[in-house]
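Accompanying notes for the structure given below.
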There are 2 protein chains.
Amino acid sequence: MASRQGGTHKKSVDRRQVILDAAARRFAEFGFETTTVRQIADDVNILSGSLYHHFATKEEMLGEIVRGAVLDQRERAQRIAASRLDAETKFVTLIREELSALAERIEAYAIIFNERKFFRRSPDFLYLIKARKEAFEAWRAVLEQGVEEGLFHAGIDSYLTISTIMRMLNTGADWYRHEDGSPLDAMAEYSLEALTDFYTGFALRSVRSAGRAGEPIPAAMRQA
Amino acid sequence: MASRQGGTHKKSVDRRQVILDAAARRFAEFGFETTTVRQIADDVNILSGSLYHHFATKEEMLGEIVRGAVLDQRERAQRIAASRLDAETKFVTLIREELSALAERIEAYAIIFNERKFFRRSPDFLYLIKARKEAFEAWRAVLEQGVEEGLFHAGIDSYLTISTIMRMLNTGADWYRHEDGSPLDAMAEYSLEALTDFYTGFALRSVRSAGRAGEPIPAAMRQA
DNA sequence: GTCTATAAGTAGATAGAC
DNA sequence: GTCTATCTACTTATAGAC
């Protein structure tokens, strides 16, 4: 049985994944509650009733889409915060890894951000709120380390600063998807690297202590 | 007839406004498409059918809620950009007036932001996209004036900078409503003034030229 | 201006044939 | 694993009594 698992089982997993990908695209673009199971079914060329062979409810699809993304997010933040680096390198690494993850799983993170009020109302997603809070606390620890080390200015409100930066990265990534459109219609083309540099510089300027504005931006540390 | 207008007409206007206020609260909290006309009717203690005496469609309610807010937004930005002030004072005034308006009409602006994809799909709301784009261009002119005056650093990407700041103000104001909740549950209490100072400083640090990081933040000019 | 009553359509989800 | 067929509930909106 174990030796044959690859054959039949993999095919079934793929089918699930195709459905989840279609659902993620819909949820990210139009919202979870606005998307109908018929639209998802149409996207993968089956009838809506057939979806219920793979998933018990529409909400179960949502859960599968966001779970891994938010747990990875917490893991990243905690790993970087616990590493042996100076606070500024940690901070830059947090931003760059976060943006890299946002770009790679943009639908999942757009959904997590856009449906945050839905998640907060639903007891099934309490773990998600908790994981995001823990990621937040890891960021906060990095900021406070930076103030102690004299790299960041003492007047920082870590709560406001981190929540602002996190929203900035989330909405910036969502806007990057093009489907959004932003306040302009003539949309310039930016590479992910260009955007990452922009946001890194933007965030660093907001936390650095007075004399350090002009210093070079440290590279992110992949072994963090 | 003109002399009696105040009596009966005002009462009818008030009724409309009570309904619109309820609708705005629902749309801002749960989204336009997710909100049902029955919920709005329940909030003002009438039956759903009776709403159609005041409004032809649910979308008409949405239009009434957002129209004034977005036209005011454009007017503010254009008035400040066209005033005779240095670019930094204009920039600070833009931010402070914008946040003040966001706080005053928080539901309308939260709806405009959260339903932006809906507005972009709907031909009836093209004027809204256009007005926001024009406000955007007014901000951009201020930024470019600042670069010319040497107040802001030359490397600014005005497109990225303004769209980032605008999203920052919008999401910051929405988060300020409490009903949101943000990544933390233990939510600190901030006054609107404290928040305004924070965002003004945050944005200013991102645009000021190298040597000017420590200079005092100019007061906003109300006569702008 | 609100109610009663209802039309016409669509939502998420289920049962059983194949 | 997908289809046919359908249930129940709920959606926006309308018609006409009061």
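Residues in the structure tokens are named by chain (A, B, ... in the order shown) and by number from 1 within that chain; ligands are numbered from 1 in the order shown.
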
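When the distance limit is 10 Å and only C-alpha atoms (C1' of nucleotides) are what count, the residues near range 1-4 of chain C, minus those fewer than 2 positions from it on the same chain, are Ser12, Ile46, Leu47, Gly49, Ser50, Leu51, His53 and His54 of chain B; DT6 of chain C; DG16, DA17 and DC18 of chain D.
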
How close does chain D get to chain A? List, as JSON lines, each residue of chain D within 12 Å, its nearest atom pair and the distance in Å to one decimal, counting only C-alpha atoms (C1' of nucleotides).
{"residue": "D:DG1", "atom": "C1'", "partner": "A:His53", "partner_atom": "CA", "distance": 7.5}
{"residue": "D:DT2", "atom": "C1'", "partner": "A:Ser50", "partner_atom": "CA", "distance": 6.0}
{"residue": "D:DC3", "atom": "C1'", "partner": "A:Leu47", "partner_atom": "CA", "distance": 7.7}
{"residue": "D:DT4", "atom": "C1'", "partner": "A:Gly49", "partner_atom": "CA", "distance": 10.0}
{"residue": "D:DA5", "atom": "C1'", "partner": "A:Gly49", "partner_atom": "CA", "distance": 10.5}
{"residue": "D:DT6", "atom": "C1'", "partner": "A:Gly49", "partner_atom": "CA", "distance": 11.1}

- prompt: Would you list which chain B residues are within 9 Å of chain A using only C-alpha atoms, as a ChimeraX atom specification?
  reply: /B:29-30,33-34,114,116-118,120,129-130,132-137,157,159-161,163-165,167-168,171-172,179-185,188,195,198,201-207,210-211,213-214

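Taking C1' of DA5 in chain C as the reference point, CA of Ala56 in chain B is found at 19.6 Å.
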
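Summary of the local environment: counting only C-alpha atoms (C1' of nucleotides), residues at most 10 Å from DA13 in chain C, other than itself and those fewer than 5 positions away along its chain, are Ser48, Gly49, Tyr52, Ala56, Thr57 and Lys58 of chain A; DC7 and DT8 of chain D.
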
Export, as a compact mmCIF listing (two decimals), in the first residue's frame, the selected residues with N, CA and C atoms (P, O5', C5', C4', C3', O3' and C1' of nucleotides).
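The result, written out as result.txt:
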# COMPACT_ATOMS: atom_id res chain seq x y z
N SER A 48 -21.10 22.13 -9.48
CA SER A 48 -20.90 22.59 -8.10
C SER A 48 -21.06 21.45 -7.09
N GLY A 49 -22.03 20.57 -7.33
CA GLY A 49 -22.24 19.47 -6.40
C GLY A 49 -21.01 18.58 -6.25
N TYR A 52 -18.31 18.92 -3.48
CA TYR A 52 -18.54 18.41 -2.13
C TYR A 52 -18.05 16.98 -1.95
N ALA A 56 -16.06 19.39 2.49
CA ALA A 56 -17.35 19.32 3.18
C ALA A 56 -18.12 20.63 3.03
N THR A 57 -17.41 21.75 3.10
CA THR A 57 -18.06 23.06 3.01
C THR A 57 -17.13 24.03 2.27
N LYS A 58 -17.71 25.14 1.88
CA LYS A 58 -16.93 26.21 1.26
C LYS A 58 -15.88 26.74 2.25
P DC D 7 -37.47 18.90 -4.67
O5' DC D 7 -37.07 19.09 -3.14
C5' DC D 7 -36.06 18.24 -2.59
C4' DC D 7 -35.43 18.90 -1.38
C3' DC D 7 -36.29 20.02 -0.78
O3' DC D 7 -36.41 19.84 0.62
C1' DC D 7 -34.10 20.83 -1.34
P DT D 8 -37.58 20.63 1.34
O5' DT D 8 -36.76 21.78 2.07
C5' DT D 8 -35.50 21.48 2.69
C4' DT D 8 -34.78 22.78 2.96
C3' DT D 8 -35.70 23.92 3.43
O3' DT D 8 -35.12 24.48 4.59
C1' DT D 8 -34.32 24.63 1.63

Once you count only C-alpha atoms (C1' of nucleotides), what closest atom pair and distance in Å to one decimal does each residue of chain C within 12 Å of chain A have, with rows by chain and rising residue number, as a tab-separated table?
residue	atom	partner	partner_atom	distance
C:DT10	C1'	A:Thr36	CA	9.7
C:DA11	C1'	A:Thr36	CA	7.6
C:DG12	C1'	A:Val37	CA	7.7
C:DA13	C1'	A:Gly49	CA	7.8
C:DT14	C1'	A:Gly49	CA	8.4
C:DA15	C1'	A:Gly49	CA	10.8

task: Go through range 18-88 of chain B and collect every residue that DSSP, computed from the backbone, puts in helix (DSSP H, G or I); the answer should be as a PyMOL selection string.
output: chain B and resi 18-30+37-43+48-54+58-82+87-88

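In terms of minimum interatomic distance to Ala194 in chain A, A:Arg96 ranks closest within A:Met221, A:Arg105, A:Glu149, A:Arg96, counting only C-alpha atoms.
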